[in-house]
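Here's query15.cif, which has mmCIF, C-alpha atoms:
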```
data_protein
#
loop_
_atom_site.label_atom_id
_atom_site.label_comp_id
_atom_site.auth_asym_id
_atom_site.auth_seq_id
_atom_site.Cartn_x
_atom_site.Cartn_y
_atom_site.Cartn_z
CA MET A 73 15.04 40.76 -35.56
CA THR A 74 11.54 39.35 -35.11
CA THR A 75 10.40 37.84 -31.83
CA GLU A 76 7.71 35.16 -31.63
CA ILE A 77 6.28 33.53 -28.54
CA LEU A 78 5.08 30.01 -29.23
CA VAL A 79 2.64 28.20 -26.97
CA LEU A 80 3.15 24.49 -27.61
CA ILE A 81 0.12 22.30 -26.93
CA GLY A 82 -0.17 18.53 -26.74
CA THR A 83 -3.64 17.01 -27.14
CA GLY A 84 -5.28 13.65 -27.68
CA LYS A 85 -5.71 14.56 -31.35
CA GLY A 86 -2.37 16.02 -32.35
CA ALA A 87 -0.11 18.90 -31.45
CA PHE A 88 -1.12 22.55 -31.81
CA ILE A 89 0.86 25.78 -31.77
CA LEU A 90 -0.33 29.24 -30.80
CA ARG A 91 2.07 31.62 -32.52
CA GLY A 92 2.12 35.03 -30.82
CA ASP A 93 3.85 38.35 -31.38
CA ALA A 94 6.43 39.79 -29.01
CA GLU A 95 3.79 41.83 -27.16
CA ARG A 96 1.56 38.73 -26.75
CA ARG A 97 -1.39 40.68 -28.14
CA GLN A 98 -2.27 38.38 -31.02
CA PHE A 99 -2.03 34.61 -31.37
CA ALA A 100 -2.62 32.48 -34.45
CA LEU A 101 -3.54 28.81 -34.03
CA GLU A 102 -1.82 26.10 -36.09
CA GLY A 103 -2.76 22.43 -36.09
CA PRO A 104 -3.52 19.67 -35.65
CA LEU A 105 0.08 18.69 -36.29
CA CYS A 106 1.94 15.35 -36.10
CA ASP A 107 -0.71 13.72 -38.30
CA GLY A 108 -3.29 14.06 -35.54
CA HIS A 109 -1.65 11.35 -33.41
CA PRO A 110 -2.22 11.50 -29.64
CA ILE A 111 0.50 13.76 -28.23
CA GLY A 112 1.53 13.75 -24.59
CA HIS A 113 4.11 16.53 -24.62
CA VAL A 114 5.45 19.22 -26.96
CA ILE A 115 8.65 20.99 -26.00
CA ALA A 116 11.41 23.19 -27.42
CA ASP A 117 15.16 22.70 -27.30
CA THR A 118 16.45 26.23 -26.71
CA GLU A 119 20.00 25.19 -27.61
CA THR A 120 19.11 24.07 -31.15
CA GLY A 121 15.77 25.77 -31.80
CA ARG A 122 14.18 22.42 -32.59
CA LEU A 123 10.70 21.47 -31.45
CA TYR A 124 9.82 17.97 -30.31
CA ALA A 125 6.52 16.19 -29.72
CA GLY A 126 6.14 12.84 -27.99
CA GLY A 127 3.11 10.61 -28.16
CA GLY A 128 1.45 7.67 -29.83
CA ASP A 129 -0.70 4.90 -28.39
CA GLU A 130 -0.69 1.12 -28.14
CA TRP A 131 -2.27 0.74 -31.59
CA LEU A 132 -0.24 3.30 -33.56
CA GLY A 133 2.97 2.89 -31.58
CA ALA A 134 5.07 5.29 -29.55
CA ALA A 135 7.01 7.96 -31.42
CA VAL A 136 8.75 11.32 -31.29
CA TRP A 137 8.18 14.01 -33.89
CA ARG A 138 10.78 16.72 -34.65
CA SER A 139 10.48 20.10 -36.32
CA ASP A 140 13.54 22.00 -37.53
CA ASP A 141 11.60 24.99 -38.84
CA GLY A 142 9.68 26.33 -35.87
CA GLY A 143 6.80 23.90 -36.13
CA ARG A 144 5.89 24.31 -39.79
CA SER A 145 6.90 20.76 -40.77
CA TRP A 146 7.51 17.60 -38.74
CA GLN A 147 9.35 14.28 -39.04
CA ARG A 148 8.35 11.14 -37.14
CA PHE A 149 10.96 8.91 -35.45
CA ALA A 150 10.51 5.69 -33.51
CA ASP A 151 13.82 3.82 -33.86
CA GLY A 152 14.75 2.27 -30.53
CA LEU A 153 11.54 3.22 -28.74
CA ALA A 154 10.78 -0.31 -27.60
CA TYR A 155 11.41 -2.50 -24.60
CA PRO A 156 13.12 -5.86 -25.06
CA ASP A 157 10.77 -8.63 -26.18
CA SER A 158 10.51 -10.00 -22.67
CA GLN A 159 9.17 -6.75 -21.27
CA ASP A 160 5.97 -4.74 -21.61
CA LYS A 161 4.98 -3.23 -24.92
CA LEU A 162 5.75 0.48 -24.99
CA LYS A 163 2.44 2.34 -25.41
CA SER A 164 3.31 6.03 -25.63
CA VAL A 165 5.80 8.82 -25.00
CA TRP A 166 4.47 11.08 -22.24
CA SER A 167 7.32 13.48 -21.46
CA LEU A 168 10.37 14.96 -23.17
CA ARG A 169 13.43 16.83 -21.87
CA PRO A 170 16.25 18.21 -24.05
CA ALA A 171 19.45 18.65 -22.03
CA HIS A 172 23.19 18.69 -22.69
CA GLY A 173 22.88 17.58 -26.30
CA ARG A 174 20.52 14.72 -25.44
CA LEU A 175 16.79 14.20 -25.64
CA TYR A 176 15.15 12.21 -22.84
CA ALA A 177 11.77 10.54 -23.30
CA GLY A 178 9.58 9.28 -20.45
CA VAL A 179 7.21 6.55 -21.52
CA GLU A 180 4.32 4.27 -20.58
CA PRO A 181 4.76 1.69 -19.08
CA ALA A 182 7.13 3.72 -16.95
CA GLY A 183 10.66 3.88 -18.27
CA LEU A 184 13.22 6.26 -19.71
CA PHE A 185 14.84 6.45 -23.15
CA VAL A 186 17.53 8.82 -24.42
CA SER A 187 18.55 10.05 -27.87
CA GLU A 188 21.93 11.52 -28.79
CA ASP A 189 21.09 12.29 -32.42
CA GLY A 190 18.20 14.73 -32.17
CA GLY A 191 15.48 12.15 -31.67
CA GLN A 192 16.26 10.04 -34.72
CA SER A 193 17.09 7.01 -32.56
CA PHE A 194 16.76 6.14 -28.88
CA ARG A 195 18.31 3.73 -26.41
CA HIS A 196 16.72 2.33 -23.29
CA VAL A 197 18.04 3.66 -19.96
CA GLU A 198 18.07 0.19 -18.48
CA GLY A 199 19.26 1.17 -15.01
CA LEU A 200 15.88 2.67 -14.13
CA THR A 201 13.79 -0.20 -15.46
CA ARG A 202 16.01 -2.68 -13.63
CA HIS A 203 15.70 -0.86 -10.31
CA PRO A 204 15.01 -3.44 -7.57
CA THR A 205 11.68 -1.76 -6.73
CA ARG A 206 10.38 -2.03 -10.31
CA SER A 207 8.18 -5.05 -9.70
CA GLU A 208 6.26 -3.09 -7.04
CA TRP A 209 5.49 -0.01 -9.13
CA MET A 210 1.77 0.24 -9.79
CA PRO A 211 -0.33 2.26 -12.23
CA GLY A 212 -1.90 5.50 -11.08
CA GLY A 213 -5.26 6.64 -12.40
CA GLY A 214 -3.71 7.49 -15.77
CA GLY A 215 -1.53 4.39 -16.00
CA LEU A 216 2.05 3.51 -15.07
CA ILE A 217 3.66 6.60 -16.58
CA LEU A 218 7.00 8.38 -16.34
CA HIS A 219 5.60 11.85 -16.87
CA HIS A 220 8.34 14.28 -15.79
CA VAL A 221 12.05 14.41 -16.53
CA LEU A 222 14.23 17.13 -14.99
CA ALA A 223 17.91 17.63 -15.78
CA HIS A 224 20.50 19.61 -13.82
CA PRO A 225 21.38 22.61 -16.00
CA GLU A 226 25.13 22.39 -15.27
CA ASP A 227 25.78 18.75 -14.31
CA ALA A 228 24.83 16.42 -17.18
CA ALA A 229 25.05 13.39 -14.90
CA GLN A 230 22.15 14.44 -12.68
CA ILE A 231 18.62 13.51 -13.73
CA TRP A 232 15.33 13.35 -11.83
CA VAL A 233 12.20 11.52 -12.98
CA ALA A 234 8.65 11.35 -11.61
CA ILE A 235 6.55 8.20 -11.97
CA SER A 236 2.91 7.48 -11.13
CA ALA A 237 2.76 5.52 -8.95
CA ALA A 238 6.33 4.90 -7.88
CA GLY A 239 7.63 8.32 -6.84
CA VAL A 240 10.66 10.46 -7.58
CA PHE A 241 13.94 8.83 -8.59
CA HIS A 242 17.36 10.48 -9.03
CA SER A 243 20.51 9.51 -10.89
CA SER A 244 23.91 11.10 -10.31
CA ASP A 245 25.72 9.07 -12.97
CA GLY A 246 23.78 9.78 -16.14
CA GLY A 247 21.17 7.08 -15.64
CA VAL A 248 23.34 4.09 -14.80
CA SER A 249 22.01 3.85 -11.24
CA TRP A 250 18.99 5.38 -9.49
CA GLU A 251 17.77 5.99 -5.96
CA PRO A 252 14.25 6.80 -4.72
CA ARG A 253 13.92 10.34 -3.38
CA ASN A 254 10.61 10.42 -1.55
CA LYS A 255 11.48 11.07 2.09
CA GLY A 256 8.72 13.19 3.63
CA THR A 257 6.04 12.57 0.97
CA ARG A 258 3.12 10.59 2.25
CA VAL A 259 0.86 7.85 0.96
CA ASP A 260 -2.70 7.97 2.30
CA PHE A 261 -4.73 6.34 -0.48
CA PHE A 262 -4.75 2.82 0.98
CA GLY A 263 -7.16 3.61 3.83
CA ASP A 264 -4.72 2.72 6.61
CA GLY A 265 -3.74 6.28 7.43
CA PRO A 266 -0.70 8.16 6.11
CA THR A 267 2.57 6.32 5.64
CA TYR A 268 5.95 7.53 4.39
CA PRO A 269 7.54 4.72 2.37
CA ASP A 270 10.80 4.96 0.42
CA TYR A 271 8.87 4.50 -2.84
CA GLY A 272 5.32 3.94 -4.06
CA GLN A 273 4.15 7.55 -3.94
CA CYS A 274 1.85 8.86 -6.66
CA VAL A 275 3.74 11.99 -7.68
CA HIS A 276 1.71 14.09 -10.13
CA SER A 277 4.17 16.75 -11.25
CA MET A 278 7.58 18.19 -10.49
CA ALA A 279 9.24 21.53 -11.27
CA MET A 280 12.76 22.87 -10.83
CA ALA A 281 13.26 26.38 -9.40
CA ALA A 282 15.00 28.94 -11.60
CA GLY A 283 18.68 29.31 -10.74
CA ARG A 284 18.46 26.75 -7.92
CA PRO A 285 18.50 23.28 -9.46
CA HIS A 286 18.37 21.51 -6.11
CA ARG A 287 15.15 23.28 -5.19
CA LEU A 288 12.33 21.12 -6.51
CA TYR A 289 8.57 21.51 -6.17
CA GLN A 290 6.21 18.54 -6.27
CA GLN A 291 2.45 18.20 -6.52
CA ASN A 292 1.59 14.77 -5.22
CA HIS A 293 -1.64 12.80 -5.04
CA CYS A 294 -1.21 13.31 -1.29
CA GLY A 295 0.05 16.84 -0.79
CA MET A 296 2.17 19.70 -2.08
CA TYR A 297 5.90 19.69 -1.32
CA ARG A 298 9.21 21.52 -1.68
CA SER A 299 12.72 20.10 -1.54
CA ASP A 300 15.86 22.19 -1.08
CA ASP A 301 18.28 19.28 -1.40
CA GLY A 302 17.47 17.77 -4.77
CA GLY A 303 14.69 15.58 -3.47
CA ALA A 304 16.65 13.92 -0.68
CA SER A 305 13.95 15.25 1.65
CA TRP A 306 10.61 16.98 1.13
CA LEU A 307 8.74 19.59 3.17
CA SER A 308 4.95 19.93 3.06
CA ILE A 309 3.86 23.35 1.75
CA GLU A 310 0.12 22.72 1.34
CA ASN A 311 -0.98 24.91 4.27
CA GLY A 312 -3.20 27.67 2.90
CA LEU A 313 -4.28 25.79 -0.22
CA PRO A 314 -7.91 24.73 -0.74
CA SER A 315 -6.90 21.14 -1.47
CA ASP A 316 -3.89 18.89 -1.06
CA PHE A 317 -4.69 17.32 -4.45
CA GLY A 318 -3.85 18.59 -7.92
CA PHE A 319 -1.85 17.82 -11.03
CA ALA A 320 0.08 20.72 -12.54
CA THR A 321 2.88 22.95 -11.25
CA ALA A 322 4.95 25.58 -13.06
CA ALA A 323 7.99 27.48 -11.82
CA HIS A 324 8.63 31.16 -12.46
CA PRO A 325 11.36 31.59 -15.11
CA ARG A 326 13.56 33.81 -12.89
CA ASP A 327 12.39 33.77 -9.26
CA PRO A 328 13.07 30.50 -7.39
CA ASP A 329 10.52 31.39 -4.71
CA THR A 330 7.59 31.78 -7.11
CA LEU A 331 5.49 28.83 -8.17
CA TYR A 332 2.07 28.36 -9.76
CA LEU A 333 -0.39 25.49 -9.36
CA VAL A 334 -4.05 24.63 -9.90
CA PRO A 335 -5.53 22.70 -6.94
CA HIS A 336 -8.38 20.27 -7.60
CA GLU A 337 -11.08 18.67 -5.56
CA GLY A 338 -9.99 15.27 -4.24
CA ALA A 339 -9.06 12.22 -6.21
CA MET A 340 -12.62 11.23 -7.15
CA ASN A 341 -13.80 14.59 -8.50
CA ARG A 342 -10.70 16.03 -10.19
CA TYR A 343 -11.95 19.52 -10.95
CA VAL A 344 -11.22 22.98 -9.57
CA PRO A 345 -12.73 23.50 -6.09
CA LYS A 346 -16.43 24.47 -6.15
CA GLY A 347 -16.28 24.98 -9.91
CA GLU A 348 -14.55 28.33 -9.31
CA THR A 349 -11.37 28.58 -11.36
CA ALA A 350 -8.20 29.88 -9.75
CA VAL A 351 -4.46 29.58 -10.20
CA TRP A 352 -2.61 29.71 -6.89
CA ARG A 353 0.73 31.45 -6.56
CA THR A 354 3.40 31.53 -3.89
CA ARG A 355 6.10 34.20 -3.76
CA ASP A 356 7.92 32.70 -0.76
CA GLY A 357 8.61 29.08 -1.64
CA GLY A 358 5.23 27.81 -0.45
CA ASP A 359 5.05 29.45 2.98
CA THR A 360 1.99 31.41 1.84
CA TRP A 361 -0.37 31.21 -1.14
CA GLN A 362 -2.58 33.63 -3.07
CA ASP A 363 -5.48 32.71 -5.34
CA LEU A 364 -5.52 34.47 -8.72
CA ARG A 365 -8.98 34.66 -10.31
CA ALA A 366 -9.41 37.87 -12.33
CA GLY A 367 -10.80 36.95 -15.73
CA LEU A 368 -11.28 33.25 -14.94
CA PRO A 369 -14.77 31.63 -14.78
CA GLN A 370 -16.11 31.65 -11.23
CA ALA A 371 -19.34 29.66 -11.49
CA GLY A 372 -20.15 26.25 -12.91
CA ALA A 373 -16.62 25.77 -14.26
CA PHE A 374 -15.71 22.21 -13.39
CA LEU A 375 -12.39 22.36 -15.18
CA CYS A 376 -9.57 19.85 -15.01
CA VAL A 377 -5.94 20.80 -15.68
CA LEU A 378 -3.67 17.82 -16.29
CA ARG A 379 -0.16 17.32 -14.94
CA GLN A 380 1.80 19.05 -17.74
CA ALA A 381 -0.82 21.58 -18.82
CA LEU A 382 0.50 24.60 -16.86
CA ALA A 383 3.51 26.63 -18.02
CA THR A 384 5.27 29.99 -17.83
CA ASP A 385 7.15 31.95 -20.47
CA THR A 386 10.40 33.91 -20.18
CA ALA A 387 9.00 37.32 -21.12
CA GLU A 388 8.96 40.31 -18.76
CA PRO A 389 6.62 40.21 -16.92
CA ALA A 390 6.34 36.43 -17.11
CA GLY A 391 3.34 34.90 -18.83
CA VAL A 392 1.43 31.99 -17.30
CA TYR A 393 -0.66 29.55 -19.35
CA PHE A 394 -2.91 26.59 -18.60
CA GLY A 395 -5.04 24.27 -20.70
CA THR A 396 -8.05 22.17 -19.72
CA THR A 397 -9.43 18.80 -20.68
CA GLY A 398 -12.36 20.75 -22.15
CA GLY A 399 -10.03 22.30 -24.74
CA SER A 400 -9.74 25.85 -23.39
CA LEU A 401 -6.42 27.64 -23.00
CA PHE A 402 -6.10 30.54 -20.55
CA ALA A 403 -3.21 32.99 -20.30
CA SER A 404 -1.96 35.73 -18.03
CA PHE A 405 0.61 38.25 -19.23
CA ASP A 406 1.16 39.86 -15.82
CA GLU A 407 2.35 36.89 -13.75
CA GLY A 408 -1.16 35.74 -12.89
CA GLU A 409 -2.82 38.99 -11.84
CA SER A 410 -5.34 38.86 -14.70
CA TRP A 411 -6.38 36.23 -17.23
CA THR A 412 -7.80 35.90 -20.71
CA THR A 413 -8.88 33.03 -22.95
CA ILE A 414 -6.56 32.63 -25.96
CA ALA A 415 -7.96 29.39 -27.45
CA GLN A 416 -11.15 27.35 -27.18
CA HIS A 417 -12.67 24.13 -28.47
CA LEU A 418 -9.40 22.24 -28.82
CA PRO A 419 -9.20 18.52 -28.09
CA ALA A 420 -8.47 17.64 -24.48
CA ILE A 421 -5.22 19.42 -23.60
CA ARG A 422 -2.52 17.20 -22.14
CA SER A 423 0.43 19.58 -22.04
CA VAL A 424 1.39 23.23 -22.42
CA GLU A 425 4.91 24.60 -22.91
CA THR A 426 6.31 27.85 -24.29
CA VAL A 427 9.36 29.10 -26.16
CA VAL A 428 10.56 32.50 -27.37
CA LEU A 429 11.99 32.39 -30.90
CA GLU A 430 14.20 35.07 -32.43
CA ALA A 431 14.35 35.20 -36.25
#
```
Encoding of this model in structure tokens:
Amino acid sequence: MTTEILVLIGTGKGAFILRGDAERRQFALEGPLCDGHPIGHVIADTETGRLYAGGGDEWLGAAVWRSDDGGRSWQRFADGLAYPDSQDKLKSVWSLRPAHGRLYAGVEPAGLFVSEDGGQSFRHVEGLTRHPTRSEWMPGGGGLILHHVLAHPEDAAQIWVAISAAGVFHSSDGGVSWEPRNKGTRVDFFGDGPTYPDYGQCVHSMAMAAGRPHRLYQQNHCGMYRSDDGGASWLSIENGLPSDFGFATAAHPRDPDTLYLVPHEGAMNRYVPKGETAVWRTRDGGDTWQDLRAGLPQAGAFLCVLRQALATDTAEPAGVYFGTTGGSLFASFDEGESWTTIAQHLPAIRSVETVVLEA
């Protein structure tokens, strides 16, 4: 049996794959894939072995690409990826989540679609779009985007989504109805001081803890948070971090207390603090944080890591990967203790995911 570790990369000019050996010593770059279309997210379905890429733009149209052979060939599908005529034109697919035989797609303008035939056709999850707060959702800096979808690993009816700028929403009935889950996350970008509304937060990313599906981590425009009750309430865990602002989070594949993130200077600058690159790690659910810098550039590195461009793998020890808008991809094969550059000069990286394939 041969083991491959694939690093799946979404960029503004197509998808790319870094195909590595089991020891993660050598990686070969493949791409651009998906005909060079803008790709927001590339992800693997570990149940089927399929790879999916979501993307498009308002000129070329939103679409999902599927590979049944480990990324060597791709098919494009767009059937059903459209709002009714009376609603906004769908611009792009920004996030994907395979779960329980379905494929969920988060889109711009913010909404959710689901496929039950491997991405060949989609239907609109109307309950979210028809939520009574919908008219008050507003675009974040990157647009009005549903950029994260999380699914309960055992209960197919439970789904969480993250929307900029509307907040976290949860469904317990497979998407028929939704409730905001933002209690404890603040809004302080209106200049009137912090407020804690039921919705309207600019959530940037969300991750589910390994083995504890009701433990969620959230990087927000206004702070870093943890929930231990499926988002019903959130606790601030930003103490000890150099900034309360950032985009990307990634959970450890086995330890629910370990999380990685890349803080950024505030909303106007959007680069790593002082131009000194570091990934920050907690081993205790956010009570304390450690900066991990060995091998990362420490001077004049004004890097930006977008909301889905940080990931872990399932190897032992776990690998950690992040990509930048400057097209560099960094990796650690010892859970963040040391880092190396495994790709450079790619288009701006929008997302990073990993999968281990056995052949």
Excluding segment 304-306 of chain A and its own-chain neighbours fewer than 6 positions away, which residues fall within 9 Å of it when counting all atoms listed in the file? Please give them as a short mmCIF file (atom, residue, chain, number, x, y, z; two decimals) with C-alpha atoms, in the frame of the given file.
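The resulting file, selection-v9.cif, is shown below:
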```cif
data_model
loop_
_atom_site.label_atom_id
_atom_site.label_comp_id
_atom_site.auth_asym_id
_atom_site.auth_seq_id
_atom_site.Cartn_x
_atom_site.Cartn_y
_atom_site.Cartn_z
CA PRO A 252 14.25 6.80 -4.72
CA ARG A 253 13.92 10.34 -3.38
CA ASN A 254 10.61 10.42 -1.55
CA LYS A 255 11.48 11.07 2.09
CA GLY A 256 8.72 13.19 3.63
CA THR A 257 6.04 12.57 0.97
CA LEU A 288 12.33 21.12 -6.51
CA TYR A 289 8.57 21.51 -6.17
CA GLN A 290 6.21 18.54 -6.27
CA TYR A 297 5.90 19.69 -1.32
CA ARG A 298 9.21 21.52 -1.68
#
```
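Put simply, atom CA of Ala116 of chain A is 9.3 Å away from atom CA of Leu168 of chain A.
Proximity to Phe149 of chain A at 9 Å, evaluated using all atoms listed in the file and with sequence-adjacent residues fewer than 6 positions away removed, yields Ala135, Val136, Trp137, Arg138, Gly191, Gln192 and Ser193 of chain A.
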Query raised in the report: Using all atoms listed in the file, which residues sit within 8 Å of segment 169-183 of chain A once same-chain residues fewer than 6 positions away are excluded, as a list in words?
Result: Ile115, Ala116, Asp117, Gly126, Asp160, Lys161, Leu162, Lys163, Asp189, Gly190, Gly191, Val197, Leu200, Thr201, Gly215, Leu216, Ile217, Leu218, His219, His220, Val221, Leu222, Ala223, Pro225, Ala228 and Ile235 of chain A
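Closest approach to Leu184 of chain A from the set A:Gly272, A:Asp227, A:Gly133, A:Gly246 is made by A:Gly246, with distances taken over all atoms listed in the file.
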Requested in this report: Could you give me, as a PyMOL selection string, the residues within 10 Å of Trp250 of chain A, counting only C-alpha atoms and dropping anything in the same chain fewer than 4 positions from it?
Outcome: chain A and resi 199-204+231-233+240-246
Store the residues of this selection in a file with C-alpha atoms, as a PDB file, in the coordinates of the input.
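Written out: part11.pdb:
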```pdb
ATOM      1  CA  GLY A 199      19.260   1.170 -15.010  1.00  0.00           C
ATOM      2  CA  LEU A 200      15.880   2.670 -14.130  1.00  0.00           C
ATOM      3  CA  THR A 201      13.790  -0.200 -15.460  1.00  0.00           C
ATOM      4  CA  ARG A 202      16.010  -2.680 -13.630  1.00  0.00           C
ATOM      5  CA  HIS A 203      15.700  -0.860 -10.310  1.00  0.00           C
ATOM      6  CA  PRO A 204      15.010  -3.440  -7.570  1.00  0.00           C
ATOM      7  CA  ILE A 231      18.620  13.510 -13.730  1.00  0.00           C
ATOM      8  CA  TRP A 232      15.330  13.350 -11.830  1.00  0.00           C
ATOM      9  CA  VAL A 233      12.200  11.520 -12.980  1.00  0.00           C
ATOM     10  CA  VAL A 240      10.660  10.460  -7.580  1.00  0.00           C
ATOM     11  CA  PHE A 241      13.940   8.830  -8.590  1.00  0.00           C
ATOM     12  CA  HIS A 242      17.360  10.480  -9.030  1.00  0.00           C
ATOM     13  CA  SER A 243      20.510   9.510 -10.890  1.00  0.00           C
ATOM     14  CA  SER A 244      23.910  11.100 -10.310  1.00  0.00           C
ATOM     15  CA  ASP A 245      25.720   9.070 -12.970  1.00  0.00           C
ATOM     16  CA  GLY A 246      23.780   9.780 -16.140  1.00  0.00           C
TER      17      GLY A 246
END
```
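Interatomic distance, atom CA of Leu90 of chain A to atom CA of Leu78 of chain A: 5.7 Å.
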Query raised in the report: Pick the closest to Asp356 of chain A from A:Ala371, A:Leu331, A:Val344, A:Val79: which is it, counting only C-alpha atoms?
Result: A:Leu331
Query raised in the report: On this structure, which residues satisfy the PyMOL selection byres ((chain A and resi 387) around 12), written as a list in words?
Result: Thr75, Glu76, Ile77, Leu78, Asp93, Ala94, Glu95, Arg96, His324, Pro325, Arg326, Thr384, Asp385, Thr386, Glu388, Pro389, Ala390, Gly391, Val392, Ser404, Phe405, Asp406, Glu407, Thr426, Val427, Val428 and Leu429 of chain A
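What separates atom CA of Tyr124 of chain A from atom CA of Gln416 of chain A is a distance of 23.2 Å.
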Report task. May I have the residues within 10 Å of Ala383 of chain A as a list of chain:residue names, using all atoms listed in the file and disregarding those fewer than 6 positions away in the same chain? Result -> A:Val79, A:Leu80, A:Ala320, A:Thr321, A:Ala322, A:Ala323, A:His324, A:Pro325, A:Tyr332, A:Leu333, A:Gly391, A:Val392, A:Tyr393, A:Phe394, A:Gly395, A:Ala403, A:Ser423, A:Val424, A:Glu425, A:Thr426
Report task. Using the chain letters and numbering of this document, enumerate as a PyMOL selection string the residues selected by the PyMOL selection byres ((chain A and resi 285) around 10). Result -> chain A and resi 222-227+279-284+286-288+300-302+328
Same residues, C-alpha atoms, output as a short mmCIF file (atom, residue, chain, number, x, y, z; two decimals), in the frame of the given file:
```
data_model
loop_
_atom_site.label_atom_id
_atom_site.label_comp_id
_atom_site.auth_asym_id
_atom_site.auth_seq_id
_atom_site.Cartn_x
_atom_site.Cartn_y
_atom_site.Cartn_z
CA LEU A 222 14.23 17.13 -14.99
CA ALA A 223 17.91 17.63 -15.78
CA HIS A 224 20.50 19.61 -13.82
CA PRO A 225 21.38 22.61 -16.00
CA GLU A 226 25.13 22.39 -15.27
CA ASP A 227 25.78 18.75 -14.31
CA ALA A 279 9.24 21.53 -11.27
CA MET A 280 12.76 22.87 -10.83
CA ALA A 281 13.26 26.38 -9.40
CA ALA A 282 15.00 28.94 -11.60
CA GLY A 283 18.68 29.31 -10.74
CA ARG A 284 18.46 26.75 -7.92
CA HIS A 286 18.37 21.51 -6.11
CA ARG A 287 15.15 23.28 -5.19
CA LEU A 288 12.33 21.12 -6.51
CA ASP A 300 15.86 22.19 -1.08
CA ASP A 301 18.28 19.28 -1.40
CA GLY A 302 17.47 17.77 -4.77
CA PRO A 328 13.07 30.50 -7.39
#
```
Report task. Measuring atom to atom with only C-alpha atoms, identify which of A:Gln291, A:Thr413, A:Ser187, A:Thr74 is nearest to Gly358 of chain A. Result -> A:Gln291
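Considering the residues A:Arg144, A:Arg258, A:His113, A:His293 and counting all atoms listed in the file, His336 of chain A has its shortest atom-to-atom contact with A:His293.
Proximity to Ala431 of chain A was assessed for A:Gly212, A:Gly84, A:Gly108, A:Gly142 counting only C-alpha atoms; the smallest distance is recorded for A:Gly142.
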Query raised in the report: Which one of A:Ile414, A:Cys294, A:Ala134, A:Ala238 sits closest to Phe194 of chain A if you count all atoms listed in the file?
Result: A:Ala134
Using the chain letters and numbers from this file, what does the PyMOL selection byres ((chain A and resi 311) around 10) select? Give the answer as a PDB file with C-alpha atoms, in the frame of the given file.
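Done, and the output landed in selection00.pdb:
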```
ATOM      1  CA  GLY A 295       0.050  16.840  -0.790  1.00  0.00           C
ATOM      2  CA  MET A 296       2.170  19.700  -2.080  1.00  0.00           C
ATOM      3  CA  SER A 308       4.950  19.930   3.060  1.00  0.00           C
ATOM      4  CA  ILE A 309       3.860  23.350   1.750  1.00  0.00           C
ATOM      5  CA  GLU A 310       0.120  22.720   1.340  1.00  0.00           C
ATOM      6  CA  GLY A 312      -3.200  27.670   2.900  1.00  0.00           C
ATOM      7  CA  LEU A 313      -4.280  25.790  -0.220  1.00  0.00           C
ATOM      8  CA  PRO A 314      -7.910  24.730  -0.740  1.00  0.00           C
ATOM      9  CA  SER A 315      -6.900  21.140  -1.470  1.00  0.00           C
ATOM     10  CA  ASP A 316      -3.890  18.890  -1.060  1.00  0.00           C
ATOM     11  CA  GLY A 358       5.230  27.810  -0.450  1.00  0.00           C
ATOM     12  CA  ASP A 359       5.050  29.450   2.980  1.00  0.00           C
ATOM     13  CA  THR A 360       1.990  31.410   1.840  1.00  0.00           C
ATOM     14  CA  TRP A 361      -0.370  31.210  -1.140  1.00  0.00           C
TER      15      TRP A 361
END
```
Requested in this report: Using all atoms listed in the file, give me every residue within 9 Å of (-17.2, 28.8, -10.3) in file coordinates, as a ChimeraX atom specification.
Outcome: /A:344-349,368-374
Can I get segment 267-275 of chain A with N, CA and C atoms filled in, as a PDB file, in the coordinates of the input?
```pdb
ATOM      1  N   THR A 267       1.287   6.969   5.460  1.00  0.00           N
ATOM      2  CA  THR A 267       2.570   6.320   5.640  1.00  0.00           C
ATOM      3  C   THR A 267       3.605   7.060   4.801  1.00  0.00           C
ATOM      4  N   TYR A 268       4.873   6.817   5.075  1.00  0.00           N
ATOM      5  CA  TYR A 268       5.950   7.530   4.390  1.00  0.00           C
ATOM      6  C   TYR A 268       6.986   6.516   3.888  1.00  0.00           C
ATOM      7  N   PRO A 269       6.628   5.744   2.874  1.00  0.00           N
ATOM      8  CA  PRO A 269       7.540   4.720   2.370  1.00  0.00           C
ATOM      9  C   PRO A 269       8.679   5.311   1.534  1.00  0.00           C
ATOM     10  N   ASP A 270       9.684   4.512   1.253  1.00  0.00           N
ATOM     11  CA  ASP A 270      10.800   4.960   0.420  1.00  0.00           C
ATOM     12  C   ASP A 270      10.368   5.147  -1.030  1.00  0.00           C
ATOM     13  N   TYR A 271       9.356   4.409  -1.473  1.00  0.00           N
ATOM     14  CA  TYR A 271       8.870   4.500  -2.840  1.00  0.00           C
ATOM     15  C   TYR A 271       7.410   4.054  -2.844  1.00  0.00           C
ATOM     16  N   GLY A 272       6.724   4.282  -3.951  1.00  0.00           N
ATOM     17  CA  GLY A 272       5.320   3.940  -4.060  1.00  0.00           C
ATOM     18  C   GLY A 272       4.387   5.134  -4.048  1.00  0.00           C
ATOM     19  N   GLN A 273       4.961   6.340  -3.930  1.00  0.00           N
ATOM     20  CA  GLN A 273       4.150   7.550  -3.940  1.00  0.00           C
ATOM     21  C   GLN A 273       3.612   7.837  -5.341  1.00  0.00           C
ATOM     22  N   CYS A 274       2.450   8.478  -5.373  1.00  0.00           N
ATOM     23  CA  CYS A 274       1.850   8.860  -6.660  1.00  0.00           C
ATOM     24  C   CYS A 274       2.149  10.340  -6.906  1.00  0.00           C
ATOM     25  N   VAL A 275       3.370  10.611  -7.357  1.00  0.00           N
ATOM     26  CA  VAL A 275       3.740  11.990  -7.680  1.00  0.00           C
ATOM     27  C   VAL A 275       3.006  12.394  -8.959  1.00  0.00           C
TER      28      VAL A 275
END
```
